[in-house]
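Participant: One structure is given below, represented as structure tokens, and several questions about it will come after.
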Amino acid sequence: ADAPLTAGTVAASGGVEGVTPTTLSATFSDANHGATTSDFSGTINWGDGITTSFTSADVTANGNGGFTVNGSHQYAEDGNDPIVVTINDDGGSTTTDTGKTTVADAPLTAGTVAASGGVEGVTPTTLSATFSDANHGATTGDFSGTINWGDGITTSFTSANVTANGNGAFTVNGSHTYAEEGSAPISVTINDDGGSSTTDTGSTNVADAPLTAGTVTATGGVESVTPTTLSATFSDANHGATTGDFSGTINWGDGITTSFTSANVTANGNGGFT
């Protein structure tokens, strides 16, 4: 009869999804201490739907009937995977080693933020933020995150907002309407569902919304007796504008120019002011 085989242990480590193969060693012993590596072959079920075969070329003799099966495998996704190593002796005996491995998430690398075209209260700022995944087999479904627009507003994005550019490169797309003009810092945090994360940083300049002139009404003046009363209308394309945004001057046409402040401005609604 063929001497029996005895299962040992599985050690499998070092794997990074799509980047670095997992290295495996699985021990077993043969009651026949005179057995040689050429007696053995078998299979490795890697736990991710892939099973590979090994031959005697993948078996190392350790002496006194002890042997090690050596193998490696590139996992496509991070996570915990059960491993089953089946060792077959050409004489008919068999045994099975079981174990598991943890495959690491591939790292993300930050790219650049481009954000432009924004007009306060009128036109949204359009954003694209690039990043890359060391796992070139990653898909947009792996990613989500947040965009801090730098004006006190943070919005979330999902995989639906991510575009694949090939070779592990991706772009986050978004837009945001700023309430006020000026420069705003932006940070985009990208999260991989396997645990990796990276942050893009950039900035944008938001343009002031245009003003549109209205009409001037000035009546009631009597020289040196009764002041002329003036009302001058205008509108702001930013309907969220407030009277606090405005100041200016009035040239009365008699060589006198006076200044006015926001205290002299009345809001009429829908971006209209007097």
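Within each chain, counting starts at residue 1; across the structure tokens, chains are named A, B, ... in the order shown, with ligands numbered 1 upward in that order.
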Please identify all polymer residues within 10 Å of A:Asn205, counting only C-alpha atoms, omitting same-chain residues fewer than 5 positions from it, and present them as a PyMOL selection string.

Facilitator: chain A and resi 115-119+125+181-185

Participant: Would you put the residues from that selection into a file with C-alpha atoms, as a short mmCIF file (atom, residue, chain, number, x, y, z; two decimals), in the first residue's frame?

Facilitator:
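This is the output file again27.cif:
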```cif
data_model
loop_
_atom_site.label_atom_id
_atom_site.label_comp_id
_atom_site.auth_asym_id
_atom_site.auth_seq_id
_atom_site.Cartn_x
_atom_site.Cartn_y
_atom_site.Cartn_z
CA ALA A 115 -12.20 73.69 -11.20
CA SER A 116 -13.38 76.63 -13.29
CA GLY A 117 -16.25 78.53 -14.87
CA GLY A 118 -18.07 79.49 -11.69
CA VAL A 119 -20.05 82.74 -11.36
CA THR A 125 -18.11 75.66 -11.02
CA GLU A 181 -17.22 85.36 -5.62
CA GLY A 182 -13.56 84.92 -4.72
CA SER A 183 -10.90 82.25 -4.38
CA ALA A 184 -11.88 78.95 -2.72
CA PRO A 185 -9.62 76.02 -1.75
#
```

Participant: Check the DSSP output for the backbone and give back, as a PyMOL selection string, the residues of stretch 147-273 of chain A in helix (DSSP H, G or I).

Facilitator: chain A and resi 159-161+243-245+262-264

Participant: So that I have them on file, write out the residues from the current selection with C-alpha atoms, as a tab-separated table (two decimals), in the first residue's frame.

Facilitator:
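Final file, result24.tsv:
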```tsv
chain	number	residue	atom	x	y	z
A	159	SER	CA	-18.99	55.71	-8.38
A	160	ALA	CA	-21.49	57.23	-10.83
A	161	ASN	CA	-19.37	60.42	-10.71
A	243	THR	CA	-27.57	94.99	0.05
A	244	GLY	CA	-24.32	94.52	2.01
A	245	ASP	CA	-22.54	93.82	-1.28
A	262	SER	CA	-25.10	99.62	1.56
A	263	ALA	CA	-27.27	101.51	4.05
A	264	ASN	CA	-28.62	103.53	1.10
```

Participant: Return as a Markdown table the residues of stretch 23-98 of chain A lying at most 12 Å from stretch 134-146 of chain A, together with the closest atom-to-atom pair for each and the distance in Å to one decimal, counting only C-alpha atoms, with rows in chain order and ascending residue number.

Facilitator:
```
| residue | atom | partner | partner_atom | distance |
| --- | --- | --- | --- | --- |
| A:Gln74 | CA | A:Asn135 | CA | 11.0 |
| A:Tyr75 | CA | A:Asn135 | CA | 10.2 |
| A:Ala76 | CA | A:Gly137 | CA | 6.9 |
| A:Glu77 | CA | A:Ala138 | CA | 8.2 |
| A:Asp78 | CA | A:Asn135 | CA | 10.1 |
```

Participant: Now that the selection is made, can you save its residues with C-alpha atoms as a compact mmCIF listing (two decimals), in the first residue's frame?

Facilitator:
```txt
# COMPACT_ATOMS: atom_id res chain seq x y z
CA GLN A 74 -2.22 37.29 -8.31
CA TYR A 75 -5.56 38.21 -6.75
CA ALA A 76 -7.80 40.68 -8.58
CA GLU A 77 -9.50 41.99 -5.44
CA ASP A 78 -8.53 42.68 -1.85
```

Participant: Can you list, as a list in words, every protein, DNA or RNA residue that comes within 10 Å of stretch 208-215 of chain A when you count only C-alpha atoms, leaving out same-chain residues fewer than 2 positions away?

Facilitator: Gly118, Val119, Glu120, Gly121, Val122, Thr123, Ala179, Glu180, Glu181, Gly182, Asn205, Val206, Thr217, Ala218, Ser231, Ala232, Thr233, Phe234, Ser235, Asp236, Ala237, Asn238, His239, Ala241, Gly271, Gly272, Phe273 and Thr274 of chain A

Participant: From the DSSP assignment of the backbone, select every residue of stretch 51-223 of chain A that is strand (DSSP E or B), and format the answer as a PyMOL selection string.

Facilitator: chain A and resi 51-54+59-63+66-73+79-89+94-104+108-116+119+123+125-133+143-148+154-157+162-166+169-176+182-192+197-207+211-219+222

Participant: Would you export the selected residues with C-alpha atoms as a short mmCIF file (atom, residue, chain, number, x, y, z; two decimals), in the first residue's frame, please?

Facilitator:
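Final output, out-v5.cif:
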```cif
data_model
loop_
_atom_site.label_atom_id
_atom_site.label_comp_id
_atom_site.auth_asym_id
_atom_site.auth_seq_id
_atom_site.Cartn_x
_atom_site.Cartn_y
_atom_site.Cartn_z
CA THR A 51 -7.79 26.77 -8.97
CA THR A 52 -4.30 26.06 -10.31
CA SER A 53 -2.35 22.85 -10.59
CA PHE A 54 1.14 22.17 -9.30
CA VAL A 59 7.52 20.65 -4.24
CA THR A 60 10.57 20.96 -1.97
CA ALA A 61 11.91 18.11 0.20
CA ASN A 62 12.66 19.12 3.80
CA GLY A 63 13.97 15.74 4.98
CA GLY A 66 8.62 16.46 5.19
CA PHE A 67 7.74 18.45 2.07
CA THR A 68 6.57 21.93 1.07
CA VAL A 69 4.39 22.95 -1.86
CA ASN A 70 5.34 26.37 -3.24
CA GLY A 71 3.12 28.61 -5.31
CA SER A 72 2.02 32.15 -6.05
CA HIS A 73 -1.16 33.79 -7.30
CA GLY A 79 -10.06 40.78 1.07
CA ASN A 80 -9.84 37.49 2.93
CA ASP A 81 -9.67 34.30 0.88
CA PRO A 82 -9.77 30.67 2.02
CA ILE A 83 -7.12 28.41 0.47
CA VAL A 84 -7.24 24.64 -0.04
CA VAL A 85 -4.13 22.73 -1.17
CA THR A 86 -4.72 19.15 -2.28
CA ILE A 87 -1.60 16.97 -2.43
CA ASN A 88 -1.69 13.74 -4.42
CA ASP A 89 0.87 10.93 -4.15
CA THR A 94 -3.83 12.17 -0.73
CA THR A 95 -4.17 14.88 1.88
CA THR A 96 -5.48 18.45 2.04
CA ASP A 97 -4.02 21.54 3.70
CA THR A 98 -6.35 24.43 4.48
CA GLY A 99 -5.59 28.03 5.34
CA LYS A 100 -6.38 31.58 4.32
CA THR A 101 -4.77 34.79 3.17
CA THR A 102 -5.51 38.48 3.43
CA VAL A 103 -5.00 40.41 0.20
CA ALA A 104 -4.25 44.12 0.67
CA LEU A 108 -4.26 55.17 -4.57
CA THR A 109 -2.18 58.11 -5.80
CA ALA A 110 -3.50 61.67 -5.81
CA GLY A 111 -3.65 63.67 -9.03
CA THR A 112 -4.75 67.22 -9.77
CA VAL A 113 -7.91 69.31 -9.36
CA ALA A 114 -9.23 71.51 -12.18
CA ALA A 115 -12.20 73.69 -11.20
CA SER A 116 -13.38 76.63 -13.29
CA VAL A 119 -20.05 82.74 -11.36
CA THR A 123 -23.08 79.49 -13.09
CA THR A 125 -18.11 75.66 -11.02
CA THR A 126 -17.21 72.51 -12.95
CA LEU A 127 -14.66 70.21 -11.32
CA SER A 128 -12.51 67.31 -12.46
CA ALA A 129 -10.08 65.61 -10.07
CA THR A 130 -7.72 62.89 -11.23
CA PHE A 131 -6.22 59.97 -9.30
CA SER A 132 -4.75 56.56 -10.01
CA ASP A 133 -5.04 53.06 -8.55
CA PHE A 143 -14.75 54.43 -5.51
CA SER A 144 -16.69 57.09 -3.62
CA GLY A 145 -15.75 60.13 -1.56
CA THR A 146 -16.34 63.77 -0.73
CA ILE A 147 -15.61 67.20 -2.22
CA ASN A 148 -14.95 70.07 0.18
CA THR A 154 -18.98 69.48 1.45
CA THR A 155 -20.77 67.15 -0.95
CA SER A 156 -20.51 63.41 -1.46
CA PHE A 157 -19.88 61.59 -4.73
CA VAL A 162 -16.11 58.60 -11.50
CA THR A 163 -14.79 58.03 -15.03
CA ALA A 164 -12.20 55.38 -15.93
CA ASN A 165 -9.37 56.63 -18.15
CA GLY A 166 -7.50 53.34 -18.51
CA ALA A 169 -6.34 56.22 -13.99
CA PHE A 170 -9.66 57.80 -12.98
CA THR A 171 -11.39 61.19 -12.85
CA VAL A 172 -13.94 62.44 -10.32
CA ASN A 173 -16.49 64.82 -11.88
CA GLY A 174 -18.60 67.34 -9.99
CA SER A 175 -20.14 70.80 -9.99
CA HIS A 176 -21.10 73.37 -7.38
CA GLY A 182 -13.56 84.92 -4.72
CA SER A 183 -10.90 82.25 -4.38
CA ALA A 184 -11.88 78.95 -2.72
CA PRO A 185 -9.62 76.02 -1.75
CA ILE A 186 -10.91 72.60 -2.80
CA SER A 187 -10.07 69.16 -1.44
CA VAL A 188 -11.35 65.92 -2.99
CA THR A 189 -11.11 62.77 -0.86
CA ILE A 190 -11.28 59.51 -2.81
CA ASN A 191 -12.07 56.28 -0.94
CA ASP A 192 -11.56 52.76 -2.29
CA SER A 197 -7.71 56.58 0.32
CA THR A 198 -6.09 59.64 -1.21
CA THR A 199 -6.81 63.38 -1.35
CA ASP A 200 -6.50 65.81 -4.26
CA THR A 201 -6.15 69.51 -3.45
CA GLY A 202 -6.61 72.58 -5.61
CA SER A 203 -8.48 75.88 -5.79
CA THR A 204 -10.91 77.83 -7.94
CA ASN A 205 -11.68 81.48 -8.63
CA VAL A 206 -15.39 82.30 -8.64
CA ALA A 207 -16.35 85.34 -10.72
CA LEU A 211 -24.78 93.99 -12.63
CA THR A 212 -27.32 95.46 -15.05
CA ALA A 213 -28.16 99.16 -15.05
CA GLY A 214 -31.72 100.30 -14.55
CA THR A 215 -33.25 103.78 -14.48
CA VAL A 216 -32.70 106.96 -12.49
CA THR A 217 -35.63 108.96 -11.16
CA ALA A 218 -34.71 112.33 -9.60
CA THR A 219 -37.45 114.87 -8.81
CA VAL A 222 -35.91 123.50 -5.71
#
```
